[in-house]
Each structure stands twice: as C-alpha cells, then as structure tokens.
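S.K.: You'll find target-v5.cif just under this line, and it carries mmCIF, C-alpha atoms and all ligand atoms.
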data_protein
#
loop_
_atom_site.label_atom_id
_atom_site.label_comp_id
_atom_site.auth_asym_id
_atom_site.auth_seq_id
_atom_site.Cartn_x
_atom_site.Cartn_y
_atom_site.Cartn_z
CA MET A 1 -15.36 -33.69 -41.23
CA THR A 2 -13.32 -36.09 -43.32
CA GLU A 3 -9.63 -35.65 -43.94
CA THR A 4 -10.30 -34.85 -47.61
CA GLN A 5 -12.78 -32.11 -46.66
CA ILE A 6 -10.21 -30.58 -44.28
CA LYS A 7 -7.55 -30.68 -47.01
CA ILE A 8 -9.91 -28.82 -49.38
CA LEU A 9 -10.65 -26.18 -46.73
CA GLU A 10 -6.95 -25.78 -46.01
CA ALA A 11 -6.18 -25.31 -49.71
CA GLN A 12 -8.96 -22.70 -50.02
CA PHE A 13 -7.64 -20.95 -46.91
CA GLU A 14 -4.06 -20.87 -48.22
CA ALA A 15 -5.33 -19.52 -51.57
CA ARG A 16 -7.14 -16.69 -49.79
CA ILE A 17 -3.97 -15.82 -47.85
CA ALA A 18 -1.92 -15.91 -51.07
CA ASN A 19 -4.50 -13.62 -52.62
CA ASP A 20 -4.14 -11.12 -49.73
CA GLU A 21 -7.80 -11.57 -48.69
CA LYS A 22 -8.69 -10.82 -45.07
CA ILE A 23 -9.71 -13.76 -42.87
CA GLU A 24 -12.75 -12.85 -40.77
CA PRO A 25 -13.81 -14.47 -37.46
CA LYS A 26 -16.58 -16.64 -38.92
CA ASP A 27 -14.44 -17.92 -41.79
CA TRP A 28 -12.95 -21.38 -41.60
CA MET A 29 -9.33 -21.29 -40.43
CA PRO A 30 -6.78 -23.90 -39.33
CA GLU A 31 -6.75 -24.42 -35.57
CA LYS A 32 -3.07 -23.43 -35.44
CA TYR A 33 -3.83 -20.11 -37.16
CA ARG A 34 -6.54 -19.41 -34.57
CA LYS A 35 -4.27 -20.30 -31.63
CA THR A 36 -1.31 -18.32 -32.98
CA HIS A 37 -3.49 -15.25 -33.33
CA ILE A 38 -4.87 -15.61 -29.83
CA ARG A 39 -1.29 -15.91 -28.56
CA GLN A 40 0.09 -12.87 -30.37
CA MET A 41 -2.95 -10.60 -30.00
CA SER A 42 -3.39 -11.40 -26.32
CA GLN A 43 0.31 -10.82 -25.64
CA HIS A 44 -0.10 -7.52 -27.43
CA ALA A 45 -3.23 -6.63 -25.38
CA HIS A 46 -1.54 -7.55 -22.10
CA SER A 47 1.45 -5.40 -23.09
CA GLU A 48 -0.77 -2.38 -23.63
CA ILE A 49 -2.43 -2.82 -20.24
CA ILE A 50 0.77 -3.54 -18.28
CA GLY A 51 2.43 -0.78 -20.33
CA MET A 52 0.17 1.74 -18.59
CA LEU A 53 1.97 1.13 -15.29
CA PRO A 54 5.48 2.56 -15.87
CA GLU A 55 4.03 5.80 -17.26
CA GLY A 56 1.12 5.92 -14.82
CA ASN A 57 3.82 6.27 -12.18
CA TRP A 58 4.51 9.83 -13.43
CA ILE A 59 0.99 11.21 -13.97
CA SER A 60 0.84 12.82 -10.53
CA ARG A 61 4.39 14.17 -10.87
CA ALA A 62 4.37 15.51 -14.44
CA PRO A 63 6.25 18.84 -14.47
CA SER A 64 3.39 20.97 -15.85
CA LEU A 65 -0.36 20.86 -16.49
CA ARG A 66 0.29 20.50 -20.25
CA ARG A 67 2.57 17.51 -19.69
CA LYS A 68 0.07 15.97 -17.29
CA VAL A 69 -2.83 16.24 -19.75
CA ALA A 70 -0.77 14.73 -22.56
CA LEU A 71 0.45 11.86 -20.37
CA LEU A 72 -3.04 11.14 -19.07
CA ALA A 73 -4.35 11.00 -22.64
CA LYS A 74 -1.53 8.68 -23.69
CA VAL A 75 -2.11 6.25 -20.83
CA GLN A 76 -5.86 6.25 -21.57
CA ASP A 77 -5.10 5.51 -25.23
CA GLU A 78 -3.11 2.47 -24.12
CA ALA A 79 -6.10 1.20 -22.15
CA GLY A 80 -8.17 1.64 -25.33
CA HIS A 81 -5.63 -0.31 -27.39
CA GLY A 82 -5.78 -3.15 -24.88
CA LEU A 83 -9.57 -3.20 -25.14
CA TYR A 84 -9.65 -3.33 -28.97
CA LEU A 85 -7.15 -6.15 -28.89
CA TYR A 86 -8.99 -8.14 -26.22
CA SER A 87 -12.18 -7.72 -28.27
CA ALA A 88 -10.39 -8.86 -31.44
CA CYS A 89 -9.16 -11.92 -29.50
CA GLU A 90 -12.67 -12.71 -28.28
CA THR A 91 -13.85 -13.05 -31.91
CA LEU A 92 -11.66 -16.18 -32.01
CA GLY A 93 -13.68 -17.91 -29.30
CA ILE A 94 -11.77 -17.16 -26.10
CA THR A 95 -13.37 -15.18 -23.26
CA ARG A 96 -12.04 -12.04 -21.62
CA GLU A 97 -11.94 -13.94 -18.28
CA GLU A 98 -9.74 -16.66 -19.79
CA LEU A 99 -7.40 -14.05 -21.23
CA TYR A 100 -7.06 -12.25 -17.89
CA GLU A 101 -6.55 -15.55 -16.12
CA GLN A 102 -3.66 -16.36 -18.48
CA LEU A 103 -2.04 -13.00 -17.68
CA HIS A 104 -2.61 -13.12 -13.93
CA SER A 105 -1.37 -16.71 -13.56
CA GLY A 106 1.80 -15.90 -15.53
CA LYS A 107 0.85 -18.30 -18.37
CA ALA A 108 0.70 -15.47 -20.93
CA LYS A 109 3.61 -13.22 -21.77
CA TYR A 110 3.63 -9.45 -22.14
CA SER A 111 6.35 -7.26 -23.59
CA SER A 112 9.72 -7.40 -21.81
CA ILE A 113 10.09 -3.62 -22.07
CA PHE A 114 7.50 -2.88 -19.38
CA ASN A 115 9.56 -4.61 -16.70
CA TYR A 116 12.00 -1.70 -16.47
CA PRO A 117 11.52 1.14 -13.96
CA THR A 118 10.73 4.79 -14.76
CA ILE A 119 13.18 6.53 -12.46
CA THR A 120 13.15 10.11 -13.77
CA TRP A 121 10.84 12.32 -15.85
CA ALA A 122 13.20 11.82 -18.81
CA ASP A 123 12.12 8.15 -18.82
CA ILE A 124 8.67 9.30 -19.94
CA GLY A 125 10.31 11.06 -22.89
CA ALA A 126 12.42 7.99 -23.66
CA ILE A 127 9.39 5.66 -23.54
CA GLY A 128 7.45 7.81 -26.00
CA TRP A 129 10.42 8.26 -28.29
CA LEU A 130 11.91 4.76 -28.20
CA VAL A 131 9.19 2.36 -26.98
CA ASP A 132 6.35 3.88 -28.97
CA GLY A 133 8.82 4.40 -31.82
CA ALA A 134 9.64 0.66 -31.85
CA ALA A 135 5.93 -0.19 -31.38
CA ILE A 136 5.02 1.84 -34.49
CA ILE A 137 7.68 0.13 -36.58
CA ASN A 138 6.32 -3.22 -35.44
CA GLN A 139 2.66 -2.28 -35.81
CA VAL A 140 2.48 -0.44 -39.15
CA PRO A 141 3.03 -3.74 -41.03
CA LEU A 142 0.33 -5.29 -38.79
CA CYS A 143 -2.25 -2.90 -40.34
CA ASN A 144 -1.89 -5.22 -43.31
CA THR A 145 -1.99 -8.48 -41.37
CA SER A 146 -4.23 -11.29 -42.67
CA PHE A 147 -6.73 -11.44 -39.79
CA GLY A 148 -9.37 -8.72 -40.33
CA PRO A 149 -10.11 -7.59 -36.73
CA TYR A 150 -6.38 -7.37 -35.87
CA ALA A 151 -5.64 -5.33 -39.01
CA CYS A 152 -8.58 -2.99 -38.29
CA ALA A 153 -7.54 -2.40 -34.67
CA MET A 154 -3.98 -1.63 -35.76
CA VAL A 155 -5.02 1.24 -38.04
CA ARG A 156 -6.31 3.32 -35.16
CA VAL A 157 -3.64 2.12 -32.74
CA CYS A 158 -0.87 3.26 -35.12
CA LYS A 159 -2.37 6.73 -35.47
CA GLU A 160 -2.41 7.11 -31.70
CA GLU A 161 1.08 5.64 -31.26
CA SER A 162 2.35 8.24 -33.66
CA PHE A 163 1.07 11.01 -31.37
CA HIS A 164 2.68 9.18 -28.42
CA GLN A 165 6.02 9.01 -30.17
CA ARG A 166 5.95 12.73 -30.90
CA GLN A 167 5.05 13.70 -27.36
CA GLY A 168 7.99 11.59 -26.11
CA TYR A 169 10.41 13.07 -28.60
CA GLU A 170 9.24 16.57 -27.70
CA ILE A 171 9.95 15.89 -24.01
CA MET A 172 13.45 14.73 -24.97
CA LEU A 173 13.97 17.79 -27.20
CA THR A 174 12.90 20.14 -24.39
CA LEU A 175 15.25 18.44 -21.91
CA CYS A 176 18.13 18.49 -24.42
CA LYS A 177 17.67 22.21 -25.01
CA GLY A 178 17.46 22.85 -21.26
CA THR A 179 20.08 23.00 -18.53
CA VAL A 180 23.17 20.77 -18.37
CA GLU A 181 21.40 18.67 -15.72
CA GLN A 182 18.31 18.25 -17.89
CA LYS A 183 20.36 17.13 -20.88
CA ALA A 184 22.22 14.68 -18.63
CA MET A 185 18.85 13.25 -17.54
CA ALA A 186 17.90 12.72 -21.19
CA GLN A 187 21.23 10.99 -21.88
CA ASP A 188 20.82 8.78 -18.81
CA ALA A 189 17.32 7.75 -19.93
CA LEU A 190 18.63 6.92 -23.42
CA ASN A 191 21.43 4.84 -21.86
CA ARG A 192 18.92 2.79 -19.87
CA TRP A 193 16.17 2.37 -22.51
CA TRP A 194 18.16 1.85 -25.71
CA TRP A 195 19.05 -1.84 -25.34
CA PRO A 196 15.67 -2.92 -23.86
CA ALA A 197 13.97 -1.11 -26.80
CA LEU A 198 16.03 -3.19 -29.26
CA MET A 199 15.11 -6.38 -27.34
CA MET A 200 11.44 -5.45 -27.45
CA LEU A 201 11.31 -6.38 -31.15
CA GLY A 202 11.87 -10.02 -30.23
CA PRO A 203 14.68 -12.58 -30.51
CA THR A 204 16.92 -12.72 -33.59
CA ASP A 205 15.37 -14.46 -36.60
CA ASP A 206 17.44 -17.60 -36.08
CA GLN A 207 16.09 -17.86 -32.49
CA SER A 208 12.50 -16.89 -33.26
CA VAL A 209 10.23 -19.94 -33.12
CA HIS A 210 7.12 -18.38 -34.67
CA THR A 211 8.40 -16.05 -37.40
CA ALA A 212 8.58 -18.53 -40.31
CA GLN A 213 4.99 -19.75 -39.93
CA SER A 214 3.64 -16.27 -39.06
CA MET A 215 5.25 -14.83 -42.20
CA LYS A 216 3.61 -17.58 -44.31
CA TRP A 217 0.22 -16.72 -42.84
CA LYS A 218 0.94 -13.00 -43.32
CA LEU A 219 0.34 -12.46 -39.60
CA LYS A 220 3.84 -11.00 -39.52
CA ARG A 221 4.87 -8.97 -42.55
CA LYS A 222 8.46 -8.37 -41.46
CA THR A 223 10.85 -10.42 -39.35
CA ASN A 224 12.12 -9.34 -35.92
CA ASP A 225 15.58 -8.51 -37.30
CA GLU A 226 14.20 -6.51 -40.22
CA LEU A 227 12.10 -4.42 -37.81
CA ARG A 228 15.05 -3.93 -35.45
CA GLN A 229 17.27 -2.69 -38.27
CA GLN A 230 14.54 -0.32 -39.45
CA PHE A 231 14.14 1.02 -35.89
CA ILE A 232 17.89 1.63 -35.51
CA ASP A 233 18.20 3.32 -38.90
CA GLN A 234 15.27 5.60 -38.10
CA THR A 235 16.31 6.44 -34.53
CA VAL A 236 20.04 7.18 -34.81
CA PRO A 237 19.53 10.45 -36.78
CA GLN A 238 16.88 11.48 -34.20
CA ALA A 239 19.47 11.06 -31.41
CA ASP A 240 21.87 13.21 -33.45
CA ILE A 241 19.28 16.00 -33.59
CA LEU A 242 18.87 15.75 -29.81
CA GLY A 243 22.67 15.90 -29.41
CA ILE A 244 22.82 12.80 -27.21
CA LYS A 245 24.76 9.61 -27.80
CA ILE A 246 23.43 6.11 -28.39
CA PRO A 247 25.20 3.86 -25.86
CA ASP A 248 26.74 1.51 -28.44
CA SER A 249 30.43 1.87 -29.32
CA ASP A 250 29.97 -0.51 -32.29
CA LEU A 251 27.26 1.60 -33.90
CA LYS A 252 28.54 2.64 -37.32
CA TRP A 253 27.02 3.61 -40.68
CA ASN A 254 27.64 0.88 -43.24
CA ALA A 255 27.53 2.53 -46.66
CA ASP A 256 27.58 -0.81 -48.51
CA LYS A 257 24.40 -2.09 -46.92
CA GLY A 258 22.85 1.37 -46.50
CA SER A 259 22.14 0.90 -42.79
CA TYR A 260 23.81 0.92 -39.39
CA ASP A 261 25.93 -1.89 -37.95
CA PHE A 262 25.32 -2.27 -34.23
CA GLY A 263 26.72 -4.04 -31.19
CA GLU A 264 25.80 -7.32 -29.54
CA ILE A 265 22.45 -7.39 -27.72
CA ASP A 266 22.49 -9.03 -24.28
CA TRP A 267 20.04 -11.85 -25.04
CA ASP A 268 20.60 -13.40 -21.58
CA GLU A 269 19.12 -10.25 -20.07
CA PHE A 270 16.17 -10.45 -22.49
CA TRP A 271 15.32 -14.08 -21.60
CA GLN A 272 15.75 -13.38 -17.88
CA VAL A 273 13.19 -10.56 -18.16
CA VAL A 274 10.82 -12.70 -20.29
CA LYS A 275 11.04 -15.49 -17.69
CA GLY A 276 9.93 -13.12 -14.93
CA HIS A 277 13.27 -12.03 -13.46
CA GLY A 278 13.46 -8.44 -14.73
CA PRO A 279 13.73 -5.43 -12.40
CA CYS A 280 9.94 -4.88 -12.13
CA ASN A 281 8.18 -8.13 -13.18
CA LYS A 282 6.88 -8.90 -9.69
CA GLN A 283 5.77 -5.33 -9.07
CA ARG A 284 3.91 -5.17 -12.41
CA MET A 285 2.05 -8.45 -11.85
CA LYS A 286 1.16 -7.48 -8.28
CA ALA A 287 -0.26 -4.13 -9.44
CA ARG A 288 -2.28 -5.83 -12.20
CA VAL A 289 -3.68 -8.63 -10.02
CA SER A 290 -4.65 -6.26 -7.20
CA ALA A 291 -6.36 -3.88 -9.66
CA TRP A 292 -8.40 -6.89 -10.87
CA GLU A 293 -9.24 -8.03 -7.34
CA ASN A 294 -10.06 -4.53 -6.06
CA GLY A 295 -12.34 -3.98 -9.06
CA ALA A 296 -14.47 -7.08 -8.33
CA TRP A 297 -17.19 -5.05 -6.60
CA VAL A 298 -17.48 -2.69 -9.59
CA ARG A 299 -17.93 -5.62 -11.99
CA ASP A 300 -20.48 -7.22 -9.64
CA ALA A 301 -22.42 -3.95 -9.31
CA ALA A 302 -22.42 -3.40 -13.09
CA MET A 303 -23.64 -6.96 -13.73
CA ALA A 304 -26.37 -6.63 -11.06
CA TYR A 305 -27.49 -3.32 -12.61
CA ALA A 306 -27.59 -4.84 -16.11
CA GLU A 307 -29.56 -7.84 -14.80
CA LYS A 308 -32.06 -5.59 -13.01
CA ASN A 309 -32.64 -3.48 -16.15
CA LYS A 310 -33.01 -6.38 -18.61
N1 LIG B 401 8.70 -9.63 -24.63
O1 LIG B 401 9.08 -16.53 -32.06
P1 LIG B 401 9.09 -15.14 -31.51
C1 LIG B 401 3.52 -1.29 -27.06
C2 LIG B 401 8.36 -14.23 -26.87
S1 LIG B 401 2.90 -2.83 -27.39
C3 LIG B 401 8.21 -10.79 -24.14
O2 LIG B 401 9.89 -14.12 -32.23
P2 LIG B 401 6.64 -13.79 -32.31
C4 LIG B 401 2.61 -0.11 -26.99
C5 LIG B 401 7.27 -14.69 -27.84
O3 LIG B 401 5.98 -14.37 -27.35
C6 LIG B 401 4.29 -3.91 -27.22
N2 LIG B 401 8.17 -11.94 -24.86
O4 LIG B 401 7.57 -14.64 -31.31
C7 LIG B 401 2.96 0.72 -25.83
C8 LIG B 401 7.54 -16.18 -27.92
O5 LIG B 401 7.03 -16.83 -26.75
P3 LIG B 401 5.64 -17.73 -26.77
C9 LIG B 401 3.95 -5.29 -27.57
C10 LIG B 401 8.63 -11.89 -26.12
O6 LIG B 401 5.32 -13.71 -31.69
C11 LIG B 401 3.99 1.64 -25.90
C12 LIG B 401 9.06 -16.24 -27.82
O7 LIG B 401 9.47 -15.04 -27.19
N3 LIG B 401 3.79 -5.41 -29.00
O8 LIG B 401 4.68 -1.23 -26.88
C13 LIG B 401 9.12 -10.70 -26.70
O9 LIG B 401 6.77 -14.34 -33.69
C14 LIG B 401 4.31 2.43 -24.80
C15 LIG B 401 9.72 -16.38 -29.19
O10 LIG B 401 9.58 -15.18 -29.98
C16 LIG B 401 3.27 -6.50 -29.56
O11 LIG B 401 2.89 -7.43 -28.88
C17 LIG B 401 9.16 -9.55 -25.90
N4 LIG B 401 9.65 -8.37 -26.33
O12 LIG B 401 7.34 -12.34 -32.33
C18 LIG B 401 2.24 0.60 -24.66
C19 LIG B 401 3.13 -6.46 -31.07
N5 LIG B 401 9.50 -10.97 -27.96
O13 LIG B 401 4.55 -16.77 -27.15
C20 LIG B 401 2.56 1.38 -23.55
C21 LIG B 401 2.60 -7.73 -31.64
C22 LIG B 401 9.24 -12.28 -28.18
O14 LIG B 401 5.86 -18.82 -27.79
C23 LIG B 401 3.60 2.30 -23.62
N6 LIG B 401 3.51 -8.83 -31.45
N7 LIG B 401 8.73 -12.82 -27.06
O15 LIG B 401 5.51 -18.23 -25.36
C24 LIG B 401 4.52 -9.15 -32.30
O16 LIG B 401 4.77 -8.47 -33.28
C25 LIG B 401 5.30 -10.41 -32.03
O17 LIG B 401 4.54 -11.19 -31.14
C26 LIG B 401 6.73 -10.15 -31.46
C27 LIG B 401 7.37 -11.53 -31.17
C28 LIG B 401 7.58 -9.43 -32.49
C29 LIG B 401 6.68 -9.35 -30.18
#
Represent the structure of the file as structure tokens.
M.R.:
Amino acid sequence: MTETQIKILEAQFEARIANDEKIEPKDWMPEKYRKTHIRQMSQHAHSEIIGMLPEGNWISRAPSLRRKVALLAKVQDEAGHGLYLYSACETLGITREELYEQLHSGKAKYSSIFNYPTITWADIGAIGWLVDGAAIINQVPLCNTSFGPYACAMVRVCKEESFHQRQGYEIMLTLCKGTVEQKAMAQDALNRWWWPALMMLGPTDDQSVHTAQSMKWKLKRKTNDELRQQFIDQTVPQADILGIKIPDSDLKWNADKGSYDFGEIDWDEFWQVVKGHGPCNKQRMKARVSAWENGAWVRDAAMAYAEKNK
C-alpha cells in the first residue's frame, strides 16, 4: 500500500471514530490502535482470571451455604468475563496461546489489586463492594468504547459486576449490623482495601502514558482521575451507611467543586506492586502457571477427542 493510500484509510478511520461508529475486527485500523486494544483487553482478561484467586481462597470457608453459592457464582462469572475478553482479543489476530504466554512469562500486566491477600471473610465483602465497585465505574464507559467486540463484552460484564458489587455490600452490611467483632472485621477490611482500590484505577492523568491517545480513539471515555473521583464520591456515602470510617484523614466534602477532596495516594506502593513486588504477586503467578501446566492433559485429551470425531 502506498503512503497516500494509508493516509486516506487513516482519515476514513478517524472520521468513523469522530462519528461514534463502531470499529469491527475486519475493518481497517491503524496498527497502533490494534496493539493498544490487545494490550488493554488482554490486561483486562488476565485481571479477571487472576482475580478469581483471592476470592477462590474463601469458597470452601464461606460462612453459610447461601454465601458459598453466591461466591461460587461470582468467581465463575469472572472466569466467563476473562473468556469473553480473550475471545475479543483473538479477533485482532493474536492467539489464546500467545496471550497466556505473555501472562505466564510476566510480559503482560494484570490489575495491581489482585496482589493483596484475603485474610478474613470481611475481605470478600470489601472486594465486592470496593473492587467490583471500582471495576463498574471503569467499565460502564467501556460499554461505549469504539471497538465493537470490547463494547459488546462490557455490556454483559457490567450487569454481572453490578450483582457482584451488591453481594459484597450486603456482606459488609451484615457484618456491620452484627457483633462488635464483626464490625471491627469490616472496618479492618476497609482499612486494607481502600487505598489499593483507588490505585486500581491507574496512575494520575499526568503520569498516565496511554490516556491521551486512548481518549482520542474513544477506547477510554474517561480519564483515570475522573474515574477515581467518581468512585470516591459514590463510595463515601456508602461507608457512612455502613457506619465505618474511610481511612483517610484528608477526606473532606468540597462544596465548591461538588465532590470530595482526598489524601495522597502512595504511588510508590502502586508501582512496586505493578513491577511484581506486591504481597502476593509470586503466589498468584505460581497458582496460574501450575493451573495451566496441570491442565495440559485435559487440553490434550479434548484435542484428541475433537480430532477423532472430525
Ligand atoms: N494494575 O497509561 P496508563 C476487575 C499500567 S477487572 C496494573 O494509565 P491505561 C473485575 C498500564 O497497563 C480489573 N497495571 O494505562 C474483578 C500501563 O502499563 P503498560 C482490571 C496498571 O491502559 C473484580 C501503565 O500502568 N480492569 O476488577 C494499572 O490507559 C473483582 C500506565 O498506565 C481493567 O483492566 C493497574 N491497576 O489505563 C475481577 C479495565 N493501572 O500496559 C475479580 C480495562 C495502570 O504500558 C474480582 N483497563 N497500569 O505496560 C483500563 O481501563 C485501563 O487499562 C486502566 C489503565 C485504567 C487500568
């Protein structure tokens, strides 16, 4: 293709984006758009799959049958989200094996939040309330993202995340209405998950390398800081209802801007976790890689069966 032809295609592509048209897998797209989508969608898929581990830790110890059923369903939903997202990635010409290889070799990132431990049952409540709560705020705008398969996957994912957030909040509510010890467990979980949940929404806009271009392509519809502010403004009144305290002495309603001011986030901690030095990074990767290796015989058997029945 000549340079002039590429320029024409680029102009047509930009016009479609400006016009809010969806870009579908077989449409022409700039190579950087394709690569950026593979990067973000695969990081998202890996996060869903690794995100099953902290909660999976509590399935066998859930305090009642009802809690166990709900948690099982939630963790299964997360597996489903990972699968939609891997499939959406594959439409851009990368294989599932390549995507897994990137995760297992440490080349691909996954969300920082899943490198923290789930020490008590209240952590399951805090994950649903705060982690799924932040995920929804991040993902609702993605239902309107420019790449068709990503936008489609997000519609269903958001509906399920909304159930996850409610089940988490209901666990917190039950603990907060319970004994003094139970309420203290809920407070302790909030103390440990609050700051990592704020970090989950990504570095500040002035540190974010991809936001400007991703906003132009309408991959991202809101910046990291806008989403973080929205999350804080939505969550503080929910903590008030629970009667527990957000661990931030600088948190204050700012009537002029119509939102909360909040304290300094420990970005050193965030980058340490992203670089692999969080409390559970090694444990998470080990669990993931051994699940892949131990499942080799199942994949081989399935492939042999499919071959035999061709
Ligand atoms: N953790 O320039 P930006 C869930 C990296 S799903 C690790 O701002 P971008 C459901 C970033 O990749 C949770 N790394 O990047 C659930 C980049 O590095 P790279 C996941 C992070 O892409 C709930 C560098 O820092 N959600 O929770 C993080 O414009 C409960 C510079 O950053 C998604 O993936 C981080 N937190 O904005 C499951 C949603 N933040 O790639 C189980 C889709 C940034 O150049 C239980 N993703 N980095 O090497 C997004 O919206 C965006 O990718 C952001 C980051 C907002 C995460």
S.K.: Dump the neighbourhood of ligand LIG 401 (chain B) as a VMD selection string: all residues within 6 Å, distances computed on all atoms listed in the file.
M.R.: chain A and resid 40 43 to 44 47 to 48 51 to 52 78 109 to 112 131 to 132 135 138 199 to 203 208 to 211 224 274
S.K.: Put a box with edges along x, y and z around all the listed atoms of range 1-7 of chain A, pad it by 4 Å on each side, then give me its centre and sizes in Å, one decimal, as AutoDock Vina command-line options.
M.R.:
--center_x -11.5 --center_y -33.3 --center_z -44.4 --size_x 15.8 --size_y 13.5 --size_z 14.4
S.K.: Fewer than 5 positions away in the same chain doesn't count, so skip those; otherwise give me all residues within 10 Å of range 287-301 of chain A, counting all atoms listed in the file, as a list in words.
M.R.: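 Surrounding residues, per the criterion: Ile49, Ile50, Leu53, Tyr100, Glu101, Leu103, His104, Ser105, Lys282, Ala306 and Glu307 of chain A.
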S.K.: For the selection you just gave me, I'd like the residues written to a file as a short mmCIF file (atom, residue, chain, number, x, y, z; two decimals), in the coordinates of the input, keeping C-alpha atoms.
M.R.:
data_model
loop_
_atom_site.label_atom_id
_atom_site.label_comp_id
_atom_site.auth_asym_id
_atom_site.auth_seq_id
_atom_site.Cartn_x
_atom_site.Cartn_y
_atom_site.Cartn_z
CA ILE A 49 -2.43 -2.82 -20.24
CA ILE A 50 0.77 -3.54 -18.28
CA LEU A 53 1.97 1.13 -15.29
CA TYR A 100 -7.06 -12.25 -17.89
CA GLU A 101 -6.55 -15.55 -16.12
CA LEU A 103 -2.04 -13.00 -17.68
CA HIS A 104 -2.61 -13.12 -13.93
CA SER A 105 -1.37 -16.71 -13.56
CA LYS A 282 6.88 -8.90 -9.69
CA ALA A 306 -27.59 -4.84 -16.11
CA GLU A 307 -29.56 -7.84 -14.80
#
S.K.: Taking (14.9, 14.3, -31.2) in the file's coordinates as the center, which residues reach within 10 Å of it, counting all atoms listed in the file, put as JSON, numbers by chain?
M.R.: {"A": [129, 166, 168, 169, 170, 171, 172, 173, 174, 176, 235, 236, 237, 238, 239, 240, 241, 242, 243, 244]}
S.K.: Which residues, written as a ChimeraX atom specification, have at least one atom at most 12 Å from range 264-268 of chain A, with all atoms listed in the file counted and residues fewer than 4 positions away on the same chain left out?
M.R.: /A:112,194-204,207,225,228,247-251,272-275,277-278
S.K.: What does the distance between CA of Pro149 in chain A and CA of Ala88 in chain A come to in Å, to one decimal place?
M.R.: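 It comes out at 5.4 Å.
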S.K.: Could you please determine the separation between CA of Asn281 in chain A and CA of Gln234 in chain A in Å, to one decimal place?
M.R.: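 If I compute the distance from CA of Asn281 in chain A to CA of Gln234 in chain A, I get 29.3 Å.
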S.K.: Separation of CA of Val140 in chain A and CA of Pro279 in chain A, in Å?
M.R.: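 Value for the CA of Val140 in chain A-CA of Pro279 in chain A distance: 29.4 Å.
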S.K.: Could you tell me which of A:Ile113, A:His37, A:Trp121, A:Gly93 comes closest to Ser64 in chain A if we count all atoms listed in the file?
M.R.: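 Selected residue with least distance to Ser64 in chain A: A:Trp121.
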S.K.: With distances taken over all atoms listed in the file, which residue among A:Arg284, A:Lys107, A:Arg192, A:Lys308 lies nearest Gly56 in chain A?
M.R.: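 Of all the options, A:Arg284 lies closest to Gly56 in chain A.
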